[in-house]
Amino acid sequence: MLDSSIATADAPPRHDWTRAEVAALMGLPFPELIWRAQGVHRAWHDPTKIQVATLLSIKTGGCPEDCAYCPQSVAYDTGLEAGRLMELGEVLAAARAAKDAGASRFCMGAAWRAPKDRDIARVAAMIAGVRDLGLQSCVTLGMLTDGQAHALRDAGLDYYNHNLDTAPELYGGIISTRTYQDRLDTLGHVRDAGIAVCCGGIVGMGEDADGRAGLIATLASLPAHPESVPINALVRVEGTPLADAAPLDPIDFVRVIAAARITMPRAFVRLSAGREAMDDATQALCFLAGANSIFAGEKLLTTGNVAPPRDASLLARLGMAATR
Ligand code: SAM
Ligand code: DTB
Ligand code: SF4
């Protein structure tokens with residue numbers, strides 16, 4: 001019944017996944033898919049541990065890009081007030097609070113199309129401060145030049161987040177102000193500078209199963225797999241073009257997590273945006289399917305996240321623990 005060409009649990013990671021293979025995997029009977037995802041997950045990770053990351057928006061809103069999902073684009077009226085880049089002291093106070101709340105990674109996001117060199121200098125100081133607190137650092141700042149990627153690496157940056165967001169052929173329908181190749185170019189600069197890559201996407205933007213397979217196949221056939229793969233369920237924000245997108249069936253969402261786990265065995269697969277609207281049983285299924293990282297805290301960048309006591313209760317009921 002199962003296609004023998006699909007890797008066994010502890011086989012070395014492959015980089016030649018085709019969309020058809022990923023679509024076949026994602027379309028397996030659910031018990032088969034979860035069984036495979038569990039096998040891979042247990043071969044490479046402790047299935048009881050969840051990595052906890054915290055997000056902070058260090059520069060909110062006013063972004064010149066037109067990403068159809070994003071509350072921070074100037075193209076849409078979402079009622080969000082644009083701000084300036086936060087001061088170093090404020091950022092480090094938030095990082096300290098995240099550490100005290102159990103986070104092991106602190107991610108700073110800026111609503112830029114691309115940072116200016118003077119922005120990079122200020123973010124470099126934030127990265128150094130976060131690392132001094134004993135936290136891993138991650139930033140997401142938009143498109144980078146080769147030189148900017150090296151400057152961030154020299155500041156001690158651990159991870160750079162830059163998502164492919166959707167399948168290549170669907171990209172133009174979601175964003176008109178940059179191309180898929182722009183994204184791939186920045187990912188190349190980050191990788192070449194020796195920074196670990198955090199790269200994933202958003203599901204529930206009206207794509208079909210083939211579109212979701214296209215996203216996962218593209219991620220899994222990058223020259224090196226991303227170390228972290230955030231899978232976001234679209235947060236439908238009033239005022240954005242995707243405000244009324246049809247919600248994705250939770251079972252289909254779990255299938256995407258499982259496909260990411262199986263195709264990118266070493267990666268931390270992060271159950272990212274959209275958890276607030278997800279029930280506990282769906283989140284538990286995501287963990288069974290191989291998700292082993294979450295964003296914790298009241299807020300993502302600009303939208304709400306799961307309240308910390310609800311996360312603590314779920315992990316306790318599942319007998320799972322956050323890794324510090
Ligand atoms: N401006 C930078 C960029 O686009 O790379 C960094 C910040 S941007 C907000 C980071 C990521 O957040 C996007 O790539 C997208 O995957 C995710 N995101 C933004 N709005 C979202 C939404 N409404 N629902 C789910 N994910 C979202
Ligand atoms: C990622 O893939 N998801 C995070 C993080 N990387 C930067 C961002 C989610 C943002 C959700 C919408 C908001 O809160 O503005
Ligand atoms: Fe700007 Fe990033 Fe939002 Fe796109 S996703 S509008 S680039 S902040």
# chains A, B, ... in the order shown; residues from 1 in each chain; ligands from 1

$ residues_around --residues "stretch 269-284 of chain A" --least-positions-apart "6" --cutoff "8 Å" --atoms "only C-alpha atoms" --output "MDAnalysis selection string"
chainID A and resid 228:235 250:251 254 257 260:261 290:295 300 304:306 314 318

$ write_last_selection --atoms "N, CA, C and O atoms" --output "tab-separated table (two decimals), in the first residue's frame"
chain	number	residue	atom	x	y	z
A	228	SER	N	14.81	25.60	10.69
A	228	SER	CA	13.46	25.76	11.26
A	228	SER	C	12.48	25.98	10.13
A	228	SER	O	12.77	26.73	9.19
A	229	VAL	N	11.33	25.34	10.25
A	229	VAL	CA	10.29	25.49	9.23
A	229	VAL	C	8.98	25.94	9.91
A	229	VAL	O	8.25	25.11	10.45
A	230	PRO	N	8.71	27.25	9.92
A	230	PRO	CA	7.45	27.70	10.50
A	230	PRO	C	6.29	27.44	9.53
A	230	PRO	O	6.35	27.83	8.37
A	231	ILE	N	5.27	26.76	10.04
A	231	ILE	CA	4.04	26.57	9.26
A	231	ILE	C	2.98	27.43	9.93
A	231	ILE	O	2.59	27.19	11.07
A	232	ASN	N	2.58	28.47	9.22
A	232	ASN	CA	1.58	29.41	9.73
A	232	ASN	C	0.21	29.08	9.14
A	232	ASN	O	0.10	28.82	7.93
A	233	ALA	N	-0.82	29.09	9.98
A	233	ALA	CA	-2.19	29.06	9.47
A	233	ALA	C	-2.59	30.53	9.34
A	233	ALA	O	-2.39	31.30	10.29
A	234	LEU	N	-3.10	30.90	8.18
A	234	LEU	CA	-3.43	32.31	7.97
A	234	LEU	C	-4.25	32.88	9.13
A	234	LEU	O	-5.26	32.30	9.52
A	235	VAL	N	-3.78	34.02	9.66
A	235	VAL	CA	-4.59	34.79	10.60
A	235	VAL	C	-5.35	35.79	9.74
A	235	VAL	O	-4.73	36.62	9.07
A	250	PRO	N	-8.87	21.61	9.59
A	250	PRO	CA	-7.74	21.29	10.48
A	250	PRO	C	-7.01	20.01	10.10
A	250	PRO	O	-5.79	19.91	10.26
A	251	ILE	N	-7.72	19.04	9.55
A	251	ILE	CA	-7.07	17.78	9.14
A	251	ILE	C	-6.08	18.07	8.01
A	251	ILE	O	-4.97	17.53	7.98
A	254	VAL	N	-2.96	19.57	9.51
A	254	VAL	CA	-2.10	18.55	10.12
A	254	VAL	C	-1.32	17.79	9.03
A	254	VAL	O	-0.15	17.45	9.21
A	257	ILE	N	1.80	19.71	8.21
A	257	ILE	CA	2.82	19.53	9.26
A	257	ILE	C	3.53	18.17	9.06
A	257	ILE	O	4.76	18.09	9.10
A	260	ALA	N	5.90	18.22	6.16
A	260	ALA	CA	7.12	18.97	6.48
A	260	ALA	C	8.04	18.10	7.34
A	260	ALA	O	9.26	18.04	7.11
A	261	ARG	N	7.48	17.41	8.31
A	261	ARG	CA	8.28	16.56	9.18
A	261	ARG	C	8.98	15.45	8.41
A	261	ARG	O	10.18	15.19	8.58
A	290	GLY	N	4.52	15.77	14.16
A	290	GLY	CA	5.93	16.15	14.10
A	290	GLY	C	6.26	17.60	14.36
A	290	GLY	O	7.43	17.99	14.28
A	291	ALA	N	5.26	18.41	14.69
A	291	ALA	CA	5.59	19.80	15.07
A	291	ALA	C	6.31	19.75	16.42
A	291	ALA	O	5.87	19.04	17.33
A	292	ASN	N	7.41	20.47	16.53
A	292	ASN	CA	8.14	20.44	17.81
A	292	ASN	C	8.65	21.82	18.22
A	292	ASN	O	9.65	21.95	18.92
A	293	SER	N	7.92	22.84	17.81
A	293	SER	CA	8.27	24.20	18.21
A	293	SER	C	7.02	25.05	18.13
A	293	SER	O	6.15	24.81	17.28
A	294	ILE	N	6.93	26.04	19.01
A	294	ILE	CA	5.80	26.98	18.99
A	294	ILE	C	6.31	28.39	19.31
A	294	ILE	O	7.40	28.54	19.88
A	295	PHE	N	5.50	29.37	18.96
A	295	PHE	CA	5.70	30.72	19.47
A	295	PHE	C	4.83	30.86	20.70
A	295	PHE	O	3.63	30.57	20.64
A	300	LEU	N	1.78	37.58	18.71
A	300	LEU	CA	2.75	37.20	17.67
A	300	LEU	C	3.51	38.47	17.34
A	300	LEU	O	4.26	38.97	18.17
A	304	GLY	N	-3.01	38.40	18.01
A	304	GLY	CA	-3.01	37.65	19.27
A	304	GLY	C	-2.44	36.25	19.12
A	304	GLY	O	-2.39	35.67	18.04
A	305	ASN	N	-2.01	35.71	20.25
A	305	ASN	CA	-1.49	34.34	20.30
A	305	ASN	C	-2.17	33.64	21.48
A	305	ASN	O	-2.93	34.25	22.22
A	306	VAL	N	-1.86	32.37	21.64
A	306	VAL	CA	-2.46	31.59	22.74
A	306	VAL	C	-2.01	32.17	24.09
A	306	VAL	O	-0.82	32.43	24.28
A	314	LEU	N	-2.07	22.72	28.16
A	314	LEU	CA	-2.05	21.72	27.08
A	314	LEU	C	-0.81	20.83	27.19
A	314	LEU	O	-0.90	19.60	27.15
A	318	LEU	N	-0.68	16.79	27.96
A	318	LEU	CA	-0.08	15.87	26.99
A	318	LEU	C	1.17	15.18	27.54
A	318	LEU	O	1.76	14.33	26.87

$ residues_near_ligand --ligand "ligand 3" --cutoff "6 Å" --atoms "only C-alpha atoms and all ligand atoms" --output "number ranges by chain"
A: 63, 65-67, 70, 72-73, 111-113, 142

$ write_last_selection --atoms "C-alpha atoms" --output "compact mmCIF listing (two decimals), in the first residue's frame"
# COMPACT_ATOMS: atom_id res chain seq x y z
CA CYS A 63 5.52 48.34 5.15
CA GLU A 65 5.11 45.59 0.31
CA ASP A 66 1.58 44.41 -0.54
CA CYS A 67 1.50 40.86 0.93
CA CYS A 70 -0.34 41.05 6.17
CA GLN A 72 1.42 45.63 8.37
CA SER A 73 1.24 46.59 4.70
CA ALA A 111 7.98 45.44 8.81
CA TRP A 112 10.56 46.40 6.22
CA ARG A 113 10.80 45.54 2.55
CA GLY A 142 12.90 41.48 4.78

$ residues_around --residues "stretch 238-249 of chain A" --least-positions-apart "5" --cutoff "9 Å" --atoms "only C-alpha atoms" --output "NGL selection string"
:A and (67-71 or 73 or 75-79 or 203-206 or 233 or 254)

$ closest_residue --among "A:Leu222, A:Glu227, A:Gly173, A:Leu215" --to "A:Tyr159" --atoms "only C-alpha atoms"
A:Glu227

$ atom_distance --atom1 "atom CA of A:Met86" --atom2 "atom CA of A:Asp119"
10.9 Å

$ closest_residue --among "A:Met108, A:Ala258, A:Ile120, A:Ala53" --to "A:Gly147" --atoms "only C-alpha atoms"
A:Ile120

$ closest_residue --among "A:Ile175, A:Leu157, A:Ala259, A:Leu170" --to "A:Val197" --atoms "only C-alpha atoms"
A:Leu157

$ residues_around --residues "stretch 27-35 of chain A" --least-positions-apart "6" --cutoff "8 Å" --atoms "only C-alpha atoms" --output "mmCIF file with C-alpha atoms, in the first residue's frame"
data_model
loop_
_atom_site.group_PDB
_atom_site.id
_atom_site.type_symbol
_atom_site.label_atom_id
_atom_site.label_comp_id
_atom_site.auth_asym_id
_atom_site.auth_seq_id
_atom_site.Cartn_x
_atom_site.Cartn_y
_atom_site.Cartn_z
ATOM 1 C CA ARG A 255 -1.273 16.891 6.793
ATOM 2 C CA ALA A 258 3.322 15.789 8.685
ATOM 3 C CA LEU A 288 1.856 13.912 16.827
ATOM 4 C CA ALA A 289 2.492 14.815 13.186
#

$ closest_residue --among "A:Val123, A:Ala316, A:Thr302, A:Gly39" --to "A:Glu81" --atoms "only C-alpha atoms"
A:Thr302

$ residues_around --residues "A:Thr323" --least-positions-apart "2" --cutoff "9 Å" --atoms "only C-alpha atoms" --output "ChimeraX atom specification"
/A:49-52,102-104,321

$ closest_residue --among "A:Pro309, A:Gly188, A:Gly297, A:Pro265" --to "A:Thr8" --atoms "only C-alpha atoms"
A:Pro265

$ select_by_dssp --residues "stretch 19-58 of chain A" --states "alpha helix (DSSP H)" --output "number ranges by chain"
A: 19-26, 30-44

$ residues_around --residues "A:Ile58" --least-positions-apart "4" --cutoff "12 Å" --atoms "only C-alpha atoms" --output "JSON, numbers by chain"
{"A": [82, 83, 84, 85, 86, 87, 88, 89, 90, 91, 92, 94, 95, 106, 107, 108, 109, 110, 111, 112, 119, 122, 123, 126, 127, 139, 140, 141, 300, 301, 302]}

$ select_by_dssp --residues "stretch 222-268 of chain A" --states "strand (DSSP E or B)" --output "list in words"
Ser228, Val229, Pro230, Ile231, Asn232, Ala233 and Phe268 of chain A

$ write_last_selection --atoms "N, CA, C and O atoms" --output "short mmCIF file (atom, residue, chain, number, x, y, z; two decimals), in the first residue's frame"
data_model
loop_
_atom_site.label_atom_id
_atom_site.label_comp_id
_atom_site.auth_asym_id
_atom_site.auth_seq_id
_atom_site.Cartn_x
_atom_site.Cartn_y
_atom_site.Cartn_z
N SER A 228 14.81 25.60 10.69
CA SER A 228 13.46 25.76 11.26
C SER A 228 12.48 25.98 10.13
O SER A 228 12.77 26.73 9.19
N VAL A 229 11.33 25.34 10.25
CA VAL A 229 10.29 25.49 9.23
C VAL A 229 8.98 25.94 9.91
O VAL A 229 8.25 25.11 10.45
N PRO A 230 8.71 27.25 9.92
CA PRO A 230 7.45 27.70 10.50
C PRO A 230 6.29 27.44 9.53
O PRO A 230 6.35 27.83 8.37
N ILE A 231 5.27 26.76 10.04
CA ILE A 231 4.04 26.57 9.26
C ILE A 231 2.98 27.43 9.93
O ILE A 231 2.59 27.19 11.07
N ASN A 232 2.58 28.47 9.22
CA ASN A 232 1.58 29.41 9.73
C ASN A 232 0.21 29.08 9.14
O ASN A 232 0.10 28.82 7.93
N ALA A 233 -0.82 29.09 9.98
CA ALA A 233 -2.19 29.06 9.47
C ALA A 233 -2.59 30.53 9.34
O ALA A 233 -2.39 31.30 10.29
N PHE A 268 13.39 21.83 12.92
CA PHE A 268 12.34 22.12 13.89
C PHE A 268 11.15 22.61 13.09
O PHE A 268 11.26 23.58 12.34
#

$ atom_distance --atom1 "atom CA of A:Asp208" --atom2 "atom 1 (C, counted along the ligand's line) of ligand 2"
20.8 Å
